[in-house]
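Visitor: Provided herewith: entry-v9.cif, mmCIF, C-alpha atoms.
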data_final
loop_
_atom_site.group_PDB
_atom_site.id
_atom_site.type_symbol
_atom_site.label_atom_id
_atom_site.label_comp_id
_atom_site.auth_asym_id
_atom_site.auth_seq_id
_atom_site.Cartn_x
_atom_site.Cartn_y
_atom_site.Cartn_z
ATOM 1 C CA MET E 1 -28.325 190.004 255.767
ATOM 2 C CA SER E 2 -27.967 186.218 255.681
ATOM 3 C CA GLY E 3 -27.562 184.127 258.817
ATOM 4 C CA ARG E 4 -23.863 183.605 258.095
ATOM 5 C CA GLU E 5 -23.325 187.318 257.529
ATOM 6 C CA ALA E 6 -25.135 188.142 260.765
ATOM 7 C CA GLU E 7 -22.960 185.663 262.653
ATOM 8 C CA GLU E 8 -19.768 187.120 261.179
ATOM 9 C CA SER E 9 -20.912 190.635 262.077
ATOM 10 C CA LEU E 10 -21.601 189.552 265.651
ATOM 11 C CA ARG E 11 -18.267 187.766 265.895
ATOM 12 C CA LYS E 12 -16.437 190.838 264.627
ATOM 13 C CA LYS E 13 -18.223 193.061 267.141
ATOM 14 C CA TRP E 14 -17.200 190.895 270.091
ATOM 15 C CA ASP E 15 -13.698 190.300 268.753
ATOM 16 C CA GLU E 16 -13.116 194.055 268.720
ATOM 17 C CA ARG E 17 -14.535 194.514 272.201
ATOM 18 C CA HIS E 18 -12.539 191.684 273.773
ATOM 19 C CA ALA E 19 -9.331 192.695 272.003
ATOM 20 C CA GLY E 20 -9.546 196.102 273.676
ATOM 21 C CA ALA E 21 -10.226 194.821 277.190
ATOM 22 C CA GLU E 22 -7.258 195.593 279.434
ATOM 23 C CA LYS E 23 -8.272 194.288 282.839
ATOM 24 C CA ALA E 24 -8.220 190.648 283.930
ATOM 25 C CA PRO E 25 -11.709 189.122 283.718
ATOM 26 C CA LEU E 26 -13.860 189.087 286.833
ATOM 27 C CA ALA E 27 -16.595 186.643 287.755
ATOM 28 C CA ALA E 28 -20.183 187.888 287.943
ATOM 29 C CA GLU E 29 -21.524 188.975 291.320
ATOM 30 C CA VAL E 30 -24.070 186.148 291.322
ATOM 31 C CA LEU E 31 -21.199 183.646 291.344
ATOM 32 C CA GLN E 32 -18.937 185.552 293.716
ATOM 33 C CA HIS E 33 -21.737 185.920 296.273
ATOM 34 C CA ASN E 34 -22.891 182.288 296.007
ATOM 35 C CA LEU E 35 -19.732 180.207 295.872
ATOM 36 C CA HIS E 36 -21.003 178.306 298.882
ATOM 37 C CA LEU E 37 -23.797 176.807 296.742
ATOM 38 C CA LEU E 38 -21.393 175.172 294.266
ATOM 39 C CA PRO E 39 -21.247 171.373 294.104
ATOM 40 C CA ALA E 40 -18.045 169.812 295.413
ATOM 41 C CA LYS E 41 -17.385 168.303 291.975
ATOM 42 C CA GLY E 42 -18.996 168.040 288.563
ATOM 43 C CA ARG E 43 -19.118 169.559 285.099
ATOM 44 C CA ALA E 44 -19.764 173.268 284.630
ATOM 45 C CA LEU E 45 -20.434 175.426 281.568
ATOM 46 C CA ASP E 46 -19.707 179.141 281.237
ATOM 47 C CA LEU E 47 -22.020 180.025 278.332
ATOM 48 C CA ALA E 48 -21.157 183.058 276.186
ATOM 49 C CA CYS E 49 -18.136 183.288 278.444
ATOM 50 C CA GLY E 50 -16.353 186.337 277.035
ATOM 51 C CA LEU E 51 -12.907 186.506 278.643
ATOM 52 C CA GLY E 52 -13.956 183.789 281.078
ATOM 53 C CA GLY E 53 -14.047 185.332 284.537
ATOM 54 C CA ASN E 54 -16.731 182.870 285.606
ATOM 55 C CA ALA E 55 -14.967 179.890 284.032
ATOM 56 C CA LEU E 56 -11.667 180.704 285.702
ATOM 57 C CA LEU E 57 -13.266 180.992 289.129
ATOM 58 C CA LEU E 58 -15.172 177.724 288.684
ATOM 59 C CA ALA E 59 -12.012 175.938 287.585
ATOM 60 C CA ARG E 60 -10.155 177.251 290.642
ATOM 61 C CA GLN E 61 -12.936 175.703 292.733
ATOM 62 C CA GLY E 62 -12.115 172.288 291.258
ATOM 63 C CA LEU E 63 -14.954 171.806 288.748
ATOM 64 C CA GLN E 64 -14.446 170.480 285.224
ATOM 65 C CA VAL E 65 -15.269 173.569 283.164
ATOM 66 C CA SER E 66 -16.224 174.178 279.547
ATOM 67 C CA ALA E 67 -16.233 177.801 278.333
ATOM 68 C CA TRP E 68 -17.925 178.704 275.034
ATOM 69 C CA ASP E 69 -18.048 181.977 273.138
ATOM 70 C CA ILE E 70 -18.595 183.116 269.557
ATOM 71 C CA SER E 71 -15.473 185.321 269.667
ATOM 72 C CA PRO E 72 -12.148 183.668 268.737
ATOM 73 C CA VAL E 73 -10.340 186.633 270.294
ATOM 74 C CA ALA E 74 -12.077 186.066 273.637
ATOM 75 C CA ILE E 75 -11.323 182.348 273.586
ATOM 76 C CA GLU E 76 -7.680 182.897 272.652
ATOM 77 C CA ARG E 77 -7.241 185.349 275.514
ATOM 78 C CA LEU E 78 -8.994 182.994 277.936
ATOM 79 C CA GLN E 79 -6.722 180.144 276.826
ATOM 80 C CA GLY E 80 -3.814 182.413 277.718
ATOM 81 C CA PHE E 81 -5.162 182.920 281.234
ATOM 82 C CA VAL E 82 -5.675 179.156 281.549
ATOM 83 C CA ALA E 83 -2.078 178.485 280.527
ATOM 84 C CA GLU E 84 -0.741 181.107 282.954
ATOM 85 C CA GLU E 85 -2.536 179.451 285.878
ATOM 86 C CA GLY E 86 -1.924 175.880 284.709
ATOM 87 C CA LEU E 87 -5.621 175.015 284.906
ATOM 88 C CA GLN E 88 -5.951 171.545 283.387
ATOM 89 C CA ASN E 89 -9.678 171.418 284.128
ATOM 90 C CA LEU E 90 -10.831 174.279 281.862
ATOM 91 C CA LEU E 91 -11.476 173.816 278.146
ATOM 92 C CA ALA E 92 -12.287 177.004 276.196
ATOM 93 C CA GLU E 93 -13.834 176.674 272.725
ATOM 94 C CA VAL E 94 -15.231 178.912 269.988
ATOM 95 C CA ARG E 95 -18.910 178.063 269.658
ATOM 96 C CA ASN E 96 -22.077 179.768 268.478
ATOM 97 C CA VAL E 97 -24.321 178.724 271.344
ATOM 98 C CA GLU E 98 -27.509 179.751 269.565
ATOM 99 C CA ARG E 99 -26.745 177.452 266.643
ATOM 100 C CA SER E 100 -25.165 174.732 268.798
ATOM 101 C CA PRO E 101 -26.750 174.744 272.275
ATOM 102 C CA PRO E 102 -25.494 172.406 274.985
ATOM 103 C CA PRO E 103 -26.690 168.785 274.732
ATOM 104 C CA PRO E 104 -29.229 167.425 277.226
ATOM 105 C CA GLY E 105 -28.138 166.108 280.598
ATOM 106 C CA ARG E 106 -24.499 167.157 280.296
ATOM 107 C CA PHE E 107 -23.799 169.671 283.067
ATOM 108 C CA ASP E 108 -24.091 169.991 286.845
ATOM 109 C CA LEU E 109 -23.846 173.784 286.650
ATOM 110 C CA ILE E 110 -24.389 176.395 283.948
ATOM 111 C CA ILE E 111 -23.575 180.068 284.396
ATOM 112 C CA VAL E 112 -24.670 182.886 282.090
ATOM 113 C CA SER E 113 -23.753 186.504 282.683
ATOM 114 C CA TYR E 114 -24.631 189.532 280.575
ATOM 115 C CA TYR E 115 -26.049 187.508 277.707
ATOM 116 C CA LEU E 116 -29.757 187.132 277.007
ATOM 117 C CA GLU E 117 -31.296 184.849 274.405
ATOM 118 C CA ARG E 118 -34.678 183.852 275.750
ATOM 119 C CA ALA E 119 -35.250 181.106 273.189
ATOM 120 C CA LEU E 120 -32.141 179.298 274.441
ATOM 121 C CA ILE E 121 -33.269 178.962 278.047
ATOM 122 C CA PRO E 122 -35.262 175.700 277.594
ATOM 123 C CA SER E 123 -32.098 174.136 276.136
ATOM 124 C CA LEU E 124 -30.112 175.296 279.162
ATOM 125 C CA ILE E 125 -32.604 173.681 281.505
ATOM 126 C CA ASP E 126 -32.502 170.456 279.471
ATOM 127 C CA ALA E 127 -28.698 170.509 279.574
ATOM 128 C CA LEU E 128 -28.711 170.322 283.379
ATOM 129 C CA ARG E 129 -28.487 167.026 285.162
ATOM 130 C CA PRO E 130 -31.056 166.463 287.953
ATOM 131 C CA GLY E 131 -30.035 168.544 290.950
ATOM 132 C CA GLY E 132 -27.954 170.821 288.719
ATOM 133 C CA LEU E 133 -27.752 174.591 289.138
ATOM 134 C CA ILE E 134 -28.107 177.571 286.829
ATOM 135 C CA TYR E 135 -26.488 180.869 287.838
ATOM 136 C CA TYR E 136 -27.794 183.781 285.764
ATOM 137 C CA GLN E 137 -27.154 187.523 285.809
ATOM 138 C CA THR E 138 -27.942 190.186 283.243
ATOM 139 C CA PHE E 139 -29.249 193.697 282.734
ATOM 140 C CA THR E 140 -32.770 194.901 283.497
ATOM 141 C CA ARG E 141 -34.815 197.501 281.599
ATOM 142 C CA ILE E 142 -35.345 199.484 284.788
ATOM 143 C CA ALA E 143 -31.912 200.941 285.486
ATOM 144 C CA VAL E 144 -30.154 203.841 287.163
ATOM 145 C CA SER E 145 -27.147 204.001 284.814
ATOM 146 C CA SER E 146 -26.384 203.771 281.099
ATOM 147 C CA LEU E 147 -24.469 200.498 281.384
ATOM 148 C CA GLY E 148 -25.402 197.599 279.151
ATOM 149 C CA PRO E 149 -27.167 197.276 275.804
ATOM 150 C CA GLN E 150 -29.416 200.098 274.673
ATOM 151 C CA ASP E 151 -31.843 197.772 272.890
ATOM 152 C CA PRO E 152 -34.534 196.816 275.451
ATOM 153 C CA ALA E 153 -34.899 193.419 273.758
ATOM 154 C CA TYR E 154 -31.599 192.461 275.383
ATOM 155 C CA ARG E 155 -32.681 193.545 278.857
ATOM 156 C CA LEU E 156 -35.039 191.881 281.313
ATOM 157 C CA ASP E 157 -38.469 193.133 282.258
ATOM 158 C CA ASP E 158 -39.349 193.428 285.950
ATOM 159 C CA ASN E 159 -39.157 189.926 287.526
ATOM 160 C CA GLU E 160 -38.837 188.358 284.071
ATOM 161 C CA LEU E 161 -35.869 186.239 285.125
ATOM 162 C CA LEU E 162 -38.065 184.480 287.671
ATOM 163 C CA ARG E 163 -40.642 183.698 285.000
ATOM 164 C CA LEU E 164 -38.056 182.399 282.535
ATOM 165 C CA PHE E 165 -36.964 179.760 285.033
ATOM 166 C CA ASN E 166 -40.392 178.934 286.425
ATOM 167 C CA GLY E 167 -40.532 175.274 287.413
ATOM 168 C CA LEU E 168 -37.021 175.124 288.845
ATOM 169 C CA HIS E 169 -36.353 175.508 292.551
ATOM 170 C CA LEU E 170 -35.322 179.056 293.425
ATOM 171 C CA ARG E 171 -32.244 179.184 295.654
ATOM 172 C CA PHE E 172 -31.193 182.849 295.331
ATOM 173 C CA TYR E 173 -32.687 185.951 293.737
ATOM 174 C CA ARG E 174 -31.819 189.643 293.705
ATOM 175 C CA GLU E 175 -33.402 192.455 291.732
ATOM 176 C CA GLU E 176 -33.538 195.796 293.507
ATOM 177 C CA ASN E 177 -35.293 197.903 290.861
ATOM 178 C CA LEU E 178 -35.552 201.533 292.084
ATOM 179 C CA LEU E 179 -36.253 200.836 295.745
ATOM 180 C CA GLY E 180 -34.657 202.992 298.410
ATOM 181 C CA ASP E 181 -31.299 204.678 297.912
ATOM 182 C CA VAL E 182 -30.372 203.835 294.305
ATOM 183 C CA LEU E 183 -26.757 204.859 294.959
ATOM 184 C CA GLN E 184 -26.365 201.747 297.105
ATOM 185 C CA GLY E 185 -26.831 198.054 296.502
ATOM 186 C CA ILE E 186 -26.591 196.218 293.190
ATOM 187 C CA ARG E 187 -28.626 198.042 290.565
ATOM 188 C CA ASP E 188 -29.416 197.608 286.866
ATOM 189 C CA VAL E 189 -29.313 193.796 286.984
ATOM 190 C CA ALA E 190 -31.265 190.752 288.059
ATOM 191 C CA MET E 191 -29.506 187.641 289.307
ATOM 192 C CA LEU E 192 -30.625 184.218 290.390
ATOM 193 C CA VAL E 193 -29.572 180.700 291.242
ATOM 194 C CA VAL E 194 -32.043 177.913 290.481
ATOM 195 C CA GLU E 195 -31.862 174.151 290.970
ATOM 196 C CA LYS E 196 -33.269 171.511 288.636
ATOM 197 C CA PRO E 197 -35.434 169.153 290.708
ATOM 198 C CA PRO E 198 -33.592 165.920 291.501
ATOM 199 C CA VAL E 199 -35.024 162.618 290.340
ATOM 200 C CA LEU E 200 -37.118 161.140 293.137
ATOM 201 C CA ARG E 201 -36.536 157.443 293.638
ATOM 202 C CA PRO E 202 -39.521 155.377 294.767
ATOM 203 C CA ALA E 203 -39.441 154.224 298.347
ATOM 204 C CA ALA E 204 -38.166 150.663 298.847
#
Once more with this new file: its structure as structure tokens, please.
Guide:
Amino acid sequence: MSGREAEESLRKKWDERHAGAEKAPLAAEVLQHNLHLLPAKGRALDLACGLGGNALLLARQGLQVSAWDISPVAIERLQGFVAEEGLQNLLAEVRNVERSPPPPGRFDLIIVSYYLERALIPSLIDALRPGGLIYYQTFTRIAVSSLGPQDPAYRLDDNELLRLFNGLHLRFYREENLLGDVLQGIRDVAMLVVEKPPVLRPAA
């Protein structure tokens, strides 16, 4: 299968999934639980946004938001939500983020939920401005349910998310594994918030 054929197959898969979604999109737990860490203003990116639950919440908080996804169906539905709420600060676009990653130094915040492409992470870090934040949440290989992708390549190893963002300042992390009562807590996922070190100005 050629690269173009693979992209079309992936787009079709996500188009079908998003077309069948009935509920309004929800933001990821990592964002809902850490709204207090958001900057007061700035540019945010919801990468591989799906129906845009994260993007909508960020726009309601007053940030200038870009939302990118490979699925035209997802973006069309998100544009409908944007129009319903009259959100002038959210721009949703069809974009293959693996072929066209974000440019360097563009965003104050990037959020990724339930999407894992390890090779893209250095580009995400480069796309942050100094002092910028990355919110990330996705599935782990150690799980207590059948939710998420079955291919382990698309799931995180134990503490892998920490290693992928080594060098940034850790501000929040949660990964419960199989500890304690697995019927409680937030299982099957790892989530973090990291900060890109700000530029240190020399003392006067």
Visitor: Enter the distance from CA of Ala55 (chain E) to CA of Pro149 (chain E), in Å, rounded to one decimal.
Guide: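 Distance reported for this atom pair: 22.8 Å.
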Visitor: Which residue gives the smallest distance to Ile70 (chain E) among E:Ser123, E:Gln150, E:Asn96, E:Ser145, with all atoms listed in the file counted?
Guide: E:Asn96
Visitor: Written as a ChimeraX atom specification, what is the full residue list that the PyMOL selection byres ((chain E and resi 109) around 8) yields on the file shown?
Guide: /E:42-45,107-108,110-111,128,132-135
Visitor: Return the padded bounding box of region 127-141 of chain E as JSON: axis-aligned, built from all atoms listed in the file, 3 Å added on each side, with centre and edge lengths in Å to one decimal.
Guide:
{"center_x": -30.7, "center_y": 182.0, "center_z": 285.3, "size_x": 14.3, "size_y": 37.0, "size_z": 17.4}
Visitor: Running the PyMOL selection byres ((chain E and resi 164) around 12) on this model by hand, what would come out? Give it as a ChimeraX atom specification.
Guide: /E:116-122,124-125,134,136,156-163,165-168,170,192,194
Visitor: Pick out the residues sitting within 9 Å of region 22-32 of chain E, and hand them over as a tab-separated table (two decimals) with C-alpha atoms, keeping the file's coordinate frame; count all atoms listed in the file, and ignore anything fewer than 4 positions along from it in its own chain.
Guide:
chain	number	residue	atom	x	y	z
E	18	HIS	CA	-12.54	191.68	273.77
E	38	LEU	CA	-21.39	175.17	294.27
E	50	GLY	CA	-16.35	186.34	277.04
E	51	LEU	CA	-12.91	186.51	278.64
E	52	GLY	CA	-13.96	183.79	281.08
E	53	GLY	CA	-14.05	185.33	284.54
E	54	ASN	CA	-16.73	182.87	285.61
E	55	ALA	CA	-14.97	179.89	284.03
E	56	LEU	CA	-11.67	180.70	285.70
E	57	LEU	CA	-13.27	180.99	289.13
E	58	LEU	CA	-15.17	177.72	288.68
E	78	LEU	CA	-8.99	182.99	277.94
E	81	PHE	CA	-5.16	182.92	281.23
E	111	ILE	CA	-23.58	180.07	284.40
E	112	VAL	CA	-24.67	182.89	282.09
E	113	SER	CA	-23.75	186.50	282.68
E	114	TYR	CA	-24.63	189.53	280.58
E	135	TYR	CA	-26.49	180.87	287.84
E	136	TYR	CA	-27.79	183.78	285.76
E	137	GLN	CA	-27.15	187.52	285.81
E	172	PHE	CA	-31.19	182.85	295.33
E	173	TYR	CA	-32.69	185.95	293.74
E	174	ARG	CA	-31.82	189.64	293.70
E	191	MET	CA	-29.51	187.64	289.31
E	192	LEU	CA	-30.62	184.22	290.39
E	193	VAL	CA	-29.57	180.70	291.24
Visitor: Using all atoms listed in the file and a cutoff of 10 Å, can you tell me which residues are near (-13.0, 176.9, 277.4) in the file's coordinates, and write them out as number ranges by chain?
Guide: E: 45-47, 49, 51-52, 55-56, 65-69, 74-76, 78-79, 82, 89-95
Visitor: As an exercise, work out the distance from CA of Glu176 (chain E) to CA of Ser146 (chain E) in Å and give it to one decimal place.
Guide: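 Taking CA of Glu176 (chain E) as the start and CA of Ser146 (chain E) as the end point, the length is 16.4 Å.
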Visitor: Could you please determine the separation between CA of Asn177 (chain E) and CA of Asn34 (chain E) in Å, to one decimal place?
Guide: 20.6 Å
Visitor: Skip region 151-154 of chain E itself and residues of its chain fewer than 5 positions away, then list as number ranges by chain all residues within 9 Å of it, counting all atoms listed in the file.
Guide: E: 115-117, 138-141
Visitor: Could you tell me which residues the PyMOL selection byres ((chain E and resi 178) around 8) grabs in this file, written as a PyMOL selection string?
Guide: chain E and resi 142-144+176-177+179-182+187
Visitor: Atoms to include: C-alpha atoms. Write the selected residues as a PDB file, in the coordinates of the input.
Guide:
ATOM      1  CA  ILE E 142     -35.345 199.484 284.788  1.00  0.00           C
ATOM      2  CA  ALA E 143     -31.912 200.941 285.486  1.00  0.00           C
ATOM      3  CA  VAL E 144     -30.154 203.841 287.163  1.00  0.00           C
ATOM      4  CA  GLU E 176     -33.538 195.796 293.507  1.00  0.00           C
ATOM      5  CA  ASN E 177     -35.293 197.903 290.861  1.00  0.00           C
ATOM      6  CA  LEU E 179     -36.253 200.836 295.745  1.00  0.00           C
ATOM      7  CA  GLY E 180     -34.657 202.992 298.410  1.00  0.00           C
ATOM      8  CA  ASP E 181     -31.299 204.678 297.912  1.00  0.00           C
ATOM      9  CA  VAL E 182     -30.372 203.835 294.305  1.00  0.00           C
ATOM     10  CA  ARG E 187     -28.626 198.042 290.565  1.00  0.00           C
TER      11      ARG E 187
END
